[in-house]
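Visitor: What follows is input-v4.pdb, made up of PDB, C-alpha atoms:
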ATOM      1  CA  MET A   1     -22.099  10.111   3.631  1.00  0.00           C
ATOM      2  CA  MET A   2     -23.026  11.654   0.310  1.00  0.00           C
ATOM      3  CA  ARG A   3     -20.688  10.993  -2.610  1.00  0.00           C
ATOM      4  CA  PRO A   4     -19.968  13.769  -5.101  1.00  0.00           C
ATOM      5  CA  PRO A   5     -21.261  13.340  -8.649  1.00  0.00           C
ATOM      6  CA  ARG A   6     -19.062  11.275 -10.958  1.00  0.00           C
ATOM      7  CA  GLY A   7     -17.608  14.277 -12.794  1.00  0.00           C
ATOM      8  CA  GLU A   8     -16.454  15.966  -9.596  1.00  0.00           C
ATOM      9  CA  GLU A   9     -14.431  12.945  -8.462  1.00  0.00           C
ATOM     10  CA  GLU A  10     -12.051  13.386 -11.391  1.00  0.00           C
ATOM     11  CA  TYR A  11     -11.335  16.977 -10.379  1.00  0.00           C
ATOM     12  CA  LEU A  12     -10.567  15.960  -6.793  1.00  0.00           C
ATOM     13  CA  ARG A  13      -7.728  13.621  -7.843  1.00  0.00           C
ATOM     14  CA  LEU A  14      -4.233  14.896  -8.523  1.00  0.00           C
ATOM     15  CA  PRO A  15      -2.544  13.880 -11.802  1.00  0.00           C
ATOM     16  CA  LEU A  16      -0.070  10.997 -11.614  1.00  0.00           C
ATOM     17  CA  TRP A  17       2.953  13.207 -12.310  1.00  0.00           C
ATOM     18  CA  MET A  18       1.983  15.519  -9.442  1.00  0.00           C
ATOM     19  CA  GLN A  19       1.541  12.565  -7.079  1.00  0.00           C
ATOM     20  CA  ALA A  20       4.995  11.284  -8.048  1.00  0.00           C
ATOM     21  CA  LEU A  21       6.485  14.742  -7.516  1.00  0.00           C
ATOM     22  CA  LEU A  22       4.921  14.972  -4.059  1.00  0.00           C
ATOM     23  CA  VAL A  23       6.252  11.534  -3.098  1.00  0.00           C
ATOM     24  CA  VAL A  24       9.768  12.461  -4.258  1.00  0.00           C
ATOM     25  CA  LEU A  25       9.639  15.750  -2.328  1.00  0.00           C
ATOM     26  CA  LEU A  26       8.388  13.995   0.793  1.00  0.00           C
ATOM     27  CA  ALA A  27      11.138  11.368   0.528  1.00  0.00           C
ATOM     28  CA  ALA A  28      13.796  14.106   0.119  1.00  0.00           C
ATOM     29  CA  VAL A  29      12.514  16.054   3.127  1.00  0.00           C
ATOM     30  CA  LEU A  30      12.420  12.908   5.261  1.00  0.00           C
ATOM     31  CA  ALA A  31      15.943  11.919   4.141  1.00  0.00           C
ATOM     32  CA  VAL A  32      17.332  15.340   5.085  1.00  0.00           C
ATOM     33  CA  ALA A  33      15.523  15.234   8.442  1.00  0.00           C
ATOM     34  CA  VAL A  34      16.860  11.745   9.226  1.00  0.00           C
ATOM     35  CA  LEU A  35      20.425  12.641   8.252  1.00  0.00           C
ATOM     36  CA  ASN A  36      20.311  15.728  10.485  1.00  0.00           C
ATOM     37  CA  VAL A  37      18.993  13.813  13.501  1.00  0.00           C
ATOM     38  CA  VAL A  38      20.936  10.509  13.360  1.00  0.00           C
ATOM     39  CA  ASP A  39      24.235  10.675  15.237  1.00  0.00           C
ATOM     40  CA  GLY A  40      25.563   7.144  15.528  1.00  0.00           C
ATOM     41  CA  TRP A  41      24.996   3.492  14.778  1.00  0.00           C
ATOM     42  CA  ALA A  42      22.469   3.083  17.604  1.00  0.00           C
ATOM     43  CA  ASP A  43      20.176   5.660  16.002  1.00  0.00           C
ATOM     44  CA  TRP A  44      20.352   3.763  12.705  1.00  0.00           C
ATOM     45  CA  ILE A  45      19.333   0.543  14.476  1.00  0.00           C
ATOM     46  CA  VAL A  46      16.323   2.256  16.064  1.00  0.00           C
ATOM     47  CA  LEU A  47      15.358   3.809  12.726  1.00  0.00           C
ATOM     48  CA  GLY A  48      15.686   0.427  11.020  1.00  0.00           C
ATOM     49  CA  ALA A  49      13.434  -1.174  13.646  1.00  0.00           C
ATOM     50  CA  ILE A  50      10.824   1.543  13.147  1.00  0.00           C
ATOM     51  CA  VAL A  51      10.909   1.106   9.360  1.00  0.00           C
ATOM     52  CA  ALA A  52      10.718  -2.698   9.678  1.00  0.00           C
ATOM     53  CA  ALA A  53       7.718  -2.401  12.015  1.00  0.00           C
ATOM     54  CA  ALA A  54       5.987   0.007   9.617  1.00  0.00           C
ATOM     55  CA  VAL A  55       6.566  -2.347   6.653  1.00  0.00           C
ATOM     56  CA  GLY A  56       5.279  -5.282   8.721  1.00  0.00           C
ATOM     57  CA  ILE A  57       2.134  -3.365   9.621  1.00  0.00           C
ATOM     58  CA  MET A  58       1.567  -2.478   5.958  1.00  0.00           C
ATOM     59  CA  ILE A  59       1.915  -6.134   4.954  1.00  0.00           C
ATOM     60  CA  ALA A  60      -0.402  -7.293   7.744  1.00  0.00           C
ATOM     61  CA  VAL A  61      -3.094  -4.771   6.857  1.00  0.00           C
ATOM     62  CA  ASN A  62      -2.891  -5.412   3.107  1.00  0.00           C
ATOM     63  CA  ASN A  63      -2.745  -9.232   3.271  1.00  0.00           C
ATOM     64  CA  ARG A  64      -5.611 -10.835   1.346  1.00  0.00           C
ATOM     65  CA  GLN A  65      -7.164 -13.697   3.196  1.00  0.00           C
ATOM     66  CA  TYR A  66      -9.085 -15.169   0.291  1.00  0.00           C
ATOM     67  CA  PRO A  67      -8.075 -15.523  -3.380  1.00  0.00           C
ATOM     68  CA  THR A  68      -9.646 -13.072  -5.790  1.00  0.00           C
ATOM     69  CA  HIS A  69      -9.757 -15.407  -8.811  1.00  0.00           C
ATOM     70  CA  LYS A  70     -12.138 -18.267  -9.379  1.00  0.00           C
ATOM     71  CA  ARG A  71     -10.986 -21.681  -8.342  1.00  0.00           C
ATOM     72  CA  SER A  72      -9.875 -23.879 -11.200  1.00  0.00           C
ATOM     73  CA  PHE A  73     -10.933 -27.276  -9.845  1.00  0.00           C
ATOM     74  CA  THR A  74     -14.282 -28.927 -10.413  1.00  0.00           C
ATOM     75  CA  LYS A  75     -16.027 -31.743  -8.634  1.00  0.00           C
ATOM     76  CA  ASP A  76     -17.156 -34.622 -10.788  1.00  0.00           C
ATOM     77  CA  SER A  77     -18.529 -38.121 -10.164  1.00  0.00           C
ATOM     78  CA  ASP A  78     -15.035 -39.707 -10.196  1.00  0.00           C
ATOM     79  CA  SER A  79     -13.764 -37.447  -7.448  1.00  0.00           C
ATOM     80  CA  LYS A  80     -12.927 -38.970  -4.058  1.00  0.00           C
ATOM     81  CA  TRP A  81     -14.118 -35.862  -2.222  1.00  0.00           C
TER      82      TRP A  81
END
Rewrite the structure of this file - the entire thing - as structure tokens.

Guide:
Amino acid sequence: MMRPPRGEEEYLRLPLWMQALLVVLLAAVLAVAVLNVVDGWADWIVLGAIVAAAVGIMIAVNNRQYPTHKRSFTKDSDSKW
């Protein structure tokens, strides 16, 4: 896949304030939709399970297996390794 030139990438990104505005609007729309659909405590339990599963999936996908920094130990002649 061909990448656009470096200057064009900056134009394809939205400014930070616009990204924040879009996230706030999305959260408001989702909150209104949930409040209109949920009727009782059982619906809240199902919604909580869905949210917990989504958060668990995000953690599992984003978990780093290996450290990103250099290791601080060194091996010398006095080491028992």

Visitor: Between CA of Gly56 in chain A and CA of Leu14 in chain A, what is the spacing in Å?

Guide: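 So the answer is 28.2 Å.
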
Visitor: Using Å and a single decimal, report how far CA of Ile59 in chain A sits from CA of Ala42 in chain A.

Guide: 25.8 Å

Visitor: Rounded to one decimal, what separation in Å do you get between CA of Leu35 in chain A and CA of Gly48 in chain A?

Guide: 13.4 Å
